[in-house]
Amino acid sequence: MRNQEMLLIPGPTPVVDSIYDAIAKETWSHTDPRFAQIYKDSIAKTRDMLKTDGEVIVFAASGTLGMEMALINTVKPGEKVLVVSQGYFGDRFIGIGKAYGIEIDVIQSEWGQQVSPEVVEEKLASGNYKAVTVTHADTSTGVKADLDALVPVIKKHGALVIVDGICATAAMEEDMSKTYGDPSYKLDIVLTGSQKAIGVPPGLAIVAFNQSALDVRKEIEHVPGYYTDIYNWLPIMHDPTKYFATPAVNLVYAYDEGMRIVLEEGMKNRYARHDKFAEGVRKGLKEYGMKPLAAKGAEASTLSCVLYPEGVDDAAFRKNLSEKGIVVAGALAHLKGKAFRIGHMGNTTKEMLEKAVEEIGKTLNDLGQDVDPKQAVASFNSVF
Ligand SMILES: *Cc1c(COP(=O)(O)O)cnc(C)c1O
């Protein structure tokens, strides 16, 4: 890899050389049939990844605008949405909804815990909700949502399931053809960004709508957005030689290559690899007295939010580690200074994570902690 540093934050994630090569290719016209073909191919690959029979929109934006697109194309101002939040990014839907006059109710778990399906069930029974947002892996807490438990409850009450997969898609199961207990119970919308488990530089949002979500869009006469109205994008997705707003040509080259890599590995293999990575990192770090914030069984496989052992200064730890070429992220909100976040997703390799576990131990040694990096590396490797 050309990278000089190991970017183990929860996105952006390590970019491989073939993706850099793709992004560095000559910029063609955004309506050039050669570019249109690449754009189309990348959309087809995305459809394969998510196994959707609906529509996929790939456009220049960060993930947040994908969240906005999902919400405002299915929920009208004044209608109700239930936000199932397991952290900072779950809460983001509150602000988006409010900005558009959508009525928002929230169920927030304690950070580190999952929201229980029973609580969701109770809330849904009490009101007429158009949609429920679920953050598949909350990047602030490292907690995953239990889709197998939540989706049947949400669908039973007739609401759309909107999944924020920004830190999960391509690494944790999101199969839009999967039925959750009833043939009609499926994920309605899955949205993501290019820079997390897909492993492409930041700059593209991806939003997939199934047929039910598209039917709901049809009933909305006026979407309070222009760039985010999917009716402006669908003709382009079907024929990218047409123009709506200039696509990020070079990022689309990169995204197509990223998708090629994802499909080449295969979804089952990717899910299994990410499970192993997460297990290995957690086992390794446990040797240092570091525990994940996420409750047992609720840990996301793409990132871990790890609590520091007694006496470790967050800023000193991350500075020392970055001098060793490894970049991890601080924690958010009330966990600031008490935990750090390490990504183990996308194009990250076992070798990289093994090295990271070792260097984290050496950093702790530098900071005066009596820990054994060799033992931690052995524990990391024991899961493979
Ligand atoms: C990163 C992230 C976001 C925000 O995405 P941006 O690309 O920064 O706009 C939202 N939700 C989750 C779960 C994330 O991990």
# chains A, B, ... in the order shown; residues from 1 in each chain; ligands from 1
>>> residues_near_ligand(ligand="ligand 1", cutoff="8 Å", atoms="only C-alpha atoms and all ligand atoms", output="PyMOL selection string")
chain A and resi 10-11+61-67+89-90+92+135-140+164-168+192-196+202-203+205
>>> residues_around(residues="Lys178 in chain A", least_positions_apart="4", cutoff="10 Å", atoms="only C-alpha atoms", output="ChimeraX atom specification")
/A:50-52,173-174,182-187
>>> residues_around(residues="Val16 in chain A", least_positions_apart="6", cutoff="12 Å", atoms="only C-alpha atoms", output="JSON list (two decimals) with C-alpha atoms, in the first residue's frame")
[["chain", "number", "residue", "atom", "x", "y", "z"],
["A", 1, "MET", "CA", 0.00, 0.00, 0.00],
["A", 2, "ARG", "CA", 1.11, 3.53, -0.73],
["A", 3, "ASN", "CA", -0.22, 4.70, 2.61],
["A", 4, "GLN", "CA", 2.38, 5.97, 5.05],
["A", 6, "MET", "CA", -2.49, 3.25, 9.23],
["A", 7, "LEU", "CA", -5.79, 5.08, 9.35],
["A", 22, "ALA", "CA", -8.68, 4.72, -10.24],
["A", 23, "ILE", "CA", -9.12, 8.15, -8.70],
["A", 198, "ILE", "CA", -16.49, 0.23, 1.55],
["A", 199, "GLY", "CA", -12.99, 1.70, 1.80],
["A", 200, "VAL", "CA", -13.19, 4.45, -0.83],
["A", 201, "PRO", "CA", -12.22, 8.06, -0.01],
["A", 254, "ALA", "CA", -12.77, 4.90, -7.33],
["A", 255, "TYR", "CA", -16.15, 3.71, -6.10],
["A", 257, "GLU", "CA", -13.13, -0.20, -8.11],
["A", 258, "GLY", "CA", -14.10, -0.31, -4.43],
["A", 261, "ILE", "CA", -13.14, -5.41, -4.53],
["A", 346, "GLY", "CA", -13.05, -2.15, 4.79],
["A", 347, "ASN", "CA", -9.63, -2.69, 3.27],
["A", 348, "THR", "CA", -7.99, -3.11, 6.66],
["A", 349, "THR", "CA", -5.99, -6.34, 6.86]]
>>> closest_atom_pairs(of="range 112-214 of chain A", to="range 277-283 of chain A", cutoff="12 Å", atoms="only C-alpha atoms", output="Markdown table")
| residue | atom | partner | partner_atom | distance |
| --- | --- | --- | --- | --- |
| A:Gly142 | CA | A:Ala278 | CA | 10.4 |
| A:Ala171 | CA | A:Phe277 | CA | 10.8 |
| A:Met172 | CA | A:Ala278 | CA | 11.5 |
>>> closest_residue(among="A:Val383, A:Leu251, A:Asp91, A:Tyr227", to="Lys25 in chain A", atoms="only C-alpha atoms")
A:Leu251
>>> residues_around(residues="Leu263 in chain A", least_positions_apart="6", cutoff="8 Å", atoms="only C-alpha atoms", output="PDB file with all heavy atoms, in the first residue's frame")
ATOM      1  N   LYS A  45     -23.208  -2.891  -9.403  1.00  0.00           N
ATOM      2  CA  LYS A  45     -22.471  -3.614  -8.355  1.00  0.00           C
ATOM      3  C   LYS A  45     -23.084  -3.331  -6.983  1.00  0.00           C
ATOM      4  O   LYS A  45     -23.173  -4.225  -6.141  1.00  0.00           O
ATOM      5  CB  LYS A  45     -20.997  -3.210  -8.361  1.00  0.00           C
ATOM      6  CG  LYS A  45     -20.230  -3.740  -9.578  1.00  0.00           C
ATOM      7  CD  LYS A  45     -18.772  -3.285  -9.557  1.00  0.00           C
ATOM      8  CE  LYS A  45     -18.034  -3.779 -10.802  1.00  0.00           C
ATOM      9  NZ  LYS A  45     -17.467  -2.683 -11.594  1.00  0.00           N
ATOM     10  N   ASP A  48     -26.032  -5.423  -6.545  1.00  0.00           N
ATOM     11  CA  ASP A  48     -25.632  -6.803  -6.214  1.00  0.00           C
ATOM     12  C   ASP A  48     -25.262  -6.910  -4.737  1.00  0.00           C
ATOM     13  O   ASP A  48     -25.627  -7.863  -4.063  1.00  0.00           O
ATOM     14  CB  ASP A  48     -24.407  -7.230  -7.041  1.00  0.00           C
ATOM     15  CG  ASP A  48     -24.787  -7.581  -8.464  1.00  0.00           C
ATOM     16  OD1 ASP A  48     -25.996  -7.611  -8.756  1.00  0.00           O
ATOM     17  OD2 ASP A  48     -23.875  -7.824  -9.272  1.00  0.00           O
ATOM     18  N   MET A  49     -24.509  -5.933  -4.272  1.00  0.00           N
ATOM     19  CA  MET A  49     -24.054  -5.975  -2.874  1.00  0.00           C
ATOM     20  C   MET A  49     -25.246  -6.013  -1.925  1.00  0.00           C
ATOM     21  O   MET A  49     -25.270  -6.791  -0.977  1.00  0.00           O
ATOM     22  CB  MET A  49     -23.176  -4.759  -2.567  1.00  0.00           C
ATOM     23  CG  MET A  49     -22.826  -4.639  -1.081  1.00  0.00           C
ATOM     24  SD  MET A  49     -21.758  -3.254  -0.704  1.00  0.00           S
ATOM     25  CE  MET A  49     -22.847  -1.861  -0.960  1.00  0.00           C
TER      26      MET A  49
END
>>> select_by_dssp(residues="range 24-104 of chain A", states="strand (DSSP E)", output="mmCIF file with all heavy atoms, in the first residue's frame")
data_model
loop_
_atom_site.group_PDB
_atom_site.id
_atom_site.type_symbol
_atom_site.label_atom_id
_atom_site.label_comp_id
_atom_site.auth_asym_id
_atom_site.auth_seq_id
_atom_site.Cartn_x
_atom_site.Cartn_y
_atom_site.Cartn_z
ATOM 1 N N GLU A 55 -34.215 0.770 -6.282
ATOM 2 C CA GLU A 55 -33.347 1.742 -6.951
ATOM 3 C C GLU A 55 -32.167 2.109 -6.047
ATOM 4 O O GLU A 55 -32.318 2.175 -4.828
ATOM 5 C CB GLU A 55 -34.128 3.035 -7.247
ATOM 6 C CG GLU A 55 -35.301 2.857 -8.197
ATOM 7 C CD GLU A 55 -34.872 2.809 -9.664
ATOM 8 O OE1 GLU A 55 -33.650 2.900 -9.951
ATOM 9 O OE2 GLU A 55 -35.770 2.688 -10.515
ATOM 10 N N VAL A 56 -31.033 2.343 -6.674
ATOM 11 C CA VAL A 56 -29.852 2.771 -5.930
ATOM 12 C C VAL A 56 -29.410 4.129 -6.464
ATOM 13 O O VAL A 56 -29.319 4.318 -7.675
ATOM 14 C CB VAL A 56 -28.705 1.746 -6.079
ATOM 15 C CG1 VAL A 56 -27.393 2.331 -5.564
ATOM 16 C CG2 VAL A 56 -29.032 0.454 -5.345
ATOM 17 N N ILE A 57 -29.155 5.052 -5.555
ATOM 18 C CA ILE A 57 -28.665 6.366 -5.949
ATOM 19 C C ILE A 57 -27.276 6.568 -5.363
ATOM 20 O O ILE A 57 -27.064 6.398 -4.167
ATOM 21 C CB ILE A 57 -29.640 7.471 -5.492
ATOM 22 C CG1 ILE A 57 -30.938 7.306 -6.296
ATOM 23 C CG2 ILE A 57 -29.054 8.871 -5.724
ATOM 24 C CD1 ILE A 57 -32.123 7.879 -5.642
ATOM 25 N N VAL A 58 -26.326 6.869 -6.236
ATOM 26 C CA VAL A 58 -24.944 7.139 -5.824
ATOM 27 C C VAL A 58 -24.670 8.579 -6.224
ATOM 28 O O VAL A 58 -24.743 8.914 -7.412
ATOM 29 C CB VAL A 58 -23.958 6.185 -6.545
ATOM 30 C CG1 VAL A 58 -22.518 6.519 -6.166
ATOM 31 C CG2 VAL A 58 -24.279 4.722 -6.215
ATOM 32 N N PHE A 59 -24.425 9.444 -5.252
ATOM 33 C CA PHE A 59 -24.262 10.858 -5.582
ATOM 34 C C PHE A 59 -23.210 11.521 -4.695
ATOM 35 O O PHE A 59 -22.855 10.992 -3.640
ATOM 36 C CB PHE A 59 -25.614 11.589 -5.508
ATOM 37 C CG PHE A 59 -26.211 11.711 -4.116
ATOM 38 C CD1 PHE A 59 -26.432 12.963 -3.557
ATOM 39 C CD2 PHE A 59 -26.566 10.596 -3.370
ATOM 40 C CE1 PHE A 59 -26.993 13.102 -2.277
ATOM 41 C CE2 PHE A 59 -27.122 10.721 -2.095
ATOM 42 C CZ PHE A 59 -27.336 11.969 -1.558
ATOM 43 N N ALA A 60 -22.733 12.687 -5.158
ATOM 44 C CA ALA A 60 -21.675 13.391 -4.436
ATOM 45 C C ALA A 60 -22.239 14.006 -3.161
ATOM 46 O O ALA A 60 -23.066 14.915 -3.204
ATOM 47 C CB ALA A 60 -21.074 14.480 -5.323
ATOM 48 N N LYS A 80 -44.851 11.371 11.388
ATOM 49 C CA LYS A 80 -44.043 10.952 12.536
ATOM 50 C C LYS A 80 -42.977 9.903 12.194
ATOM 51 O O LYS A 80 -43.242 8.964 11.449
ATOM 52 C CB LYS A 80 -44.960 10.373 13.628
ATOM 53 C CG LYS A 80 -45.516 11.429 14.547
ATOM 54 C CD LYS A 80 -46.612 10.884 15.433
ATOM 55 C CE LYS A 80 -46.077 10.075 16.598
ATOM 56 N NZ LYS A 80 -47.151 9.777 17.583
ATOM 57 N N VAL A 81 -41.819 10.108 12.792
ATOM 58 C CA VAL A 81 -40.726 9.136 12.652
ATOM 59 C C VAL A 81 -40.242 8.750 14.044
ATOM 60 O O VAL A 81 -40.142 9.588 14.933
ATOM 61 C CB VAL A 81 -39.556 9.754 11.841
ATOM 62 C CG1 VAL A 81 -38.287 8.919 11.968
ATOM 63 C CG2 VAL A 81 -39.945 9.887 10.370
ATOM 64 N N LEU A 82 -39.964 7.472 14.200
ATOM 65 C CA LEU A 82 -39.352 7.011 15.448
ATOM 66 C C LEU A 82 -37.861 6.783 15.200
ATOM 67 O O LEU A 82 -37.481 6.030 14.293
ATOM 68 C CB LEU A 82 -40.017 5.712 15.920
ATOM 69 C CG LEU A 82 -39.454 5.137 17.224
ATOM 70 C CD1 LEU A 82 -39.629 6.118 18.389
ATOM 71 C CD2 LEU A 82 -40.101 3.796 17.543
ATOM 72 N N VAL A 83 -37.048 7.461 15.970
ATOM 73 C CA VAL A 83 -35.599 7.322 15.868
ATOM 74 C C VAL A 83 -35.134 6.333 16.941
ATOM 75 O O VAL A 83 -35.336 6.572 18.128
ATOM 76 C CB VAL A 83 -34.904 8.694 16.061
ATOM 77 C CG1 VAL A 83 -33.390 8.533 16.169
ATOM 78 C CG2 VAL A 83 -35.273 9.644 14.913
ATOM 79 N N VAL A 84 -34.562 5.227 16.488
ATOM 80 C CA VAL A 84 -33.981 4.253 17.420
ATOM 81 C C VAL A 84 -32.492 4.559 17.494
ATOM 82 O O VAL A 84 -31.767 4.361 16.521
ATOM 83 C CB VAL A 84 -34.226 2.807 16.937
ATOM 84 C CG1 VAL A 84 -33.462 1.810 17.804
ATOM 85 C CG2 VAL A 84 -35.714 2.501 16.939
ATOM 86 N N SER A 85 -32.074 5.100 18.620
ATOM 87 C CA SER A 85 -30.710 5.627 18.691
ATOM 88 C C SER A 85 -29.850 4.902 19.726
ATOM 89 O O SER A 85 -30.241 4.750 20.875
ATOM 90 C CB SER A 85 -30.756 7.119 19.015
ATOM 91 O OG SER A 85 -29.435 7.602 19.191
ATOM 92 N N GLU A 103 -42.142 15.179 12.579
ATOM 93 C CA GLU A 103 -42.322 14.978 14.018
ATOM 94 C C GLU A 103 -41.476 13.784 14.454
ATOM 95 O O GLU A 103 -41.602 12.688 13.908
ATOM 96 C CB GLU A 103 -43.806 14.718 14.304
ATOM 97 C CG GLU A 103 -44.273 15.387 15.579
ATOM 98 C CD GLU A 103 -45.703 15.052 15.861
ATOM 99 O OE1 GLU A 103 -46.584 15.535 15.105
ATOM 100 O OE2 GLU A 103 -45.930 14.288 16.814
ATOM 101 N N ILE A 104 -40.594 14.042 15.419
ATOM 102 C CA ILE A 104 -39.625 13.013 15.802
ATOM 103 C C ILE A 104 -39.863 12.533 17.229
ATOM 104 O O ILE A 104 -39.978 13.339 18.144
ATOM 105 C CB ILE A 104 -38.180 13.573 15.705
ATOM 106 C CG1 ILE A 104 -37.839 14.007 14.281
ATOM 107 C CG2 ILE A 104 -37.169 12.565 16.244
ATOM 108 C CD1 ILE A 104 -37.515 12.906 13.325
#
>>> closest_residue(among="A:Gln86, A:Thr141, A:Thr179, A:Thr133", to="Asp105 in chain A", atoms="only C-alpha atoms")
A:Thr133
>>> closest_residue(among="A:Asn128, A:Gln375, A:Asn365, A:Ser42", to="Val312 in chain A", atoms="only C-alpha atoms")
A:Asn365
>>> residues_around(residues="Lys374 in chain A", least_positions_apart="6", cutoff="10 Å", atoms="only C-alpha atoms", output="list in words")
Gly284, Glu287, Val357, Glu358, Gly361, Lys362 and Phe380 of chain A
>>> write_last_selection(atoms="all heavy atoms", output="tab-separated table (two decimals), in the first residue's frame")
chain	number	residue	atom	x	y	z
A	284	GLY	N	-7.28	-9.04	21.84
A	284	GLY	CA	-5.92	-8.51	22.01
A	284	GLY	C	-5.91	-7.38	23.03
A	284	GLY	O	-5.10	-7.37	23.97
A	287	GLU	N	-6.06	-7.87	26.88
A	287	GLU	CA	-4.81	-8.15	27.61
A	287	GLU	C	-4.24	-6.89	28.25
A	287	GLU	O	-3.43	-6.96	29.15
A	287	GLU	CB	-3.76	-8.76	26.66
A	287	GLU	CG	-4.17	-10.07	26.02
A	287	GLU	CD	-4.21	-11.23	27.01
A	287	GLU	OE1	-3.67	-11.10	28.13
A	287	GLU	OE2	-4.82	-12.27	26.66
A	357	VAL	N	-2.41	-3.78	17.37
A	357	VAL	CA	-2.52	-4.32	18.74
A	357	VAL	C	-1.14	-4.26	19.42
A	357	VAL	O	-1.02	-3.86	20.58
A	357	VAL	CB	-3.07	-5.78	18.70
A	357	VAL	CG1	-2.88	-6.48	20.04
A	357	VAL	CG2	-4.54	-5.77	18.30
A	358	GLU	N	-0.11	-4.62	18.67
A	358	GLU	CA	1.24	-4.59	19.22
A	358	GLU	C	1.66	-3.16	19.58
A	358	GLU	O	2.14	-2.89	20.70
A	358	GLU	CB	2.21	-5.19	18.20
A	358	GLU	CG	3.64	-5.26	18.72
A	358	GLU	CD	4.62	-5.83	17.69
A	358	GLU	OE1	4.18	-6.17	16.57
A	358	GLU	OE2	5.81	-5.91	18.01
A	361	GLY	N	0.15	-1.66	22.64
A	361	GLY	CA	0.83	-2.14	23.84
A	361	GLY	C	2.12	-1.37	24.09
A	361	GLY	O	2.42	-0.98	25.23
A	362	LYS	N	2.88	-1.13	23.02
A	362	LYS	CA	4.15	-0.39	23.18
A	362	LYS	C	3.89	1.04	23.62
A	362	LYS	O	4.65	1.60	24.41
A	362	LYS	CB	4.93	-0.42	21.86
A	362	LYS	CG	5.49	-1.80	21.53
A	362	LYS	CD	6.32	-1.77	20.27
A	362	LYS	CE	6.89	-3.15	19.96
A	362	LYS	NZ	7.44	-3.19	18.59
A	380	PHE	N	-4.74	-11.88	19.99
A	380	PHE	CA	-5.33	-11.43	18.72
A	380	PHE	C	-5.32	-12.58	17.72
A	380	PHE	O	-6.33	-12.90	17.09
A	380	PHE	CB	-4.55	-10.23	18.16
A	380	PHE	CG	-4.91	-9.85	16.75
A	380	PHE	CD1	-6.02	-9.08	16.48
A	380	PHE	CD2	-4.14	-10.28	15.68
A	380	PHE	CE1	-6.37	-8.74	15.17
A	380	PHE	CE2	-4.47	-9.96	14.36
A	380	PHE	CZ	-5.59	-9.18	14.12
>>> closest_residue(among="A:Thr74, A:Thr46, A:Gln108, A:Ser116", to="Asp175 in chain A", atoms="only C-alpha atoms")
A:Thr46
>>> closest_residue(among="A:Val115, A:Leu71, A:Leu214, A:Leu335", to="Ile94 in chain A", atoms="only C-alpha atoms")
A:Leu71
>>> atom_distance(atom1="CA of Lys218 in chain A", atom2="CA of Gly101 in chain A")
19.6 Å
>>> select_by_dssp(residues="range 92-268 of chain A", states="alpha helix (DSSP H)", output="ChimeraX atom specification")
/A:92-99,117-125,147-156,211-218,230-238,249-265,267-268
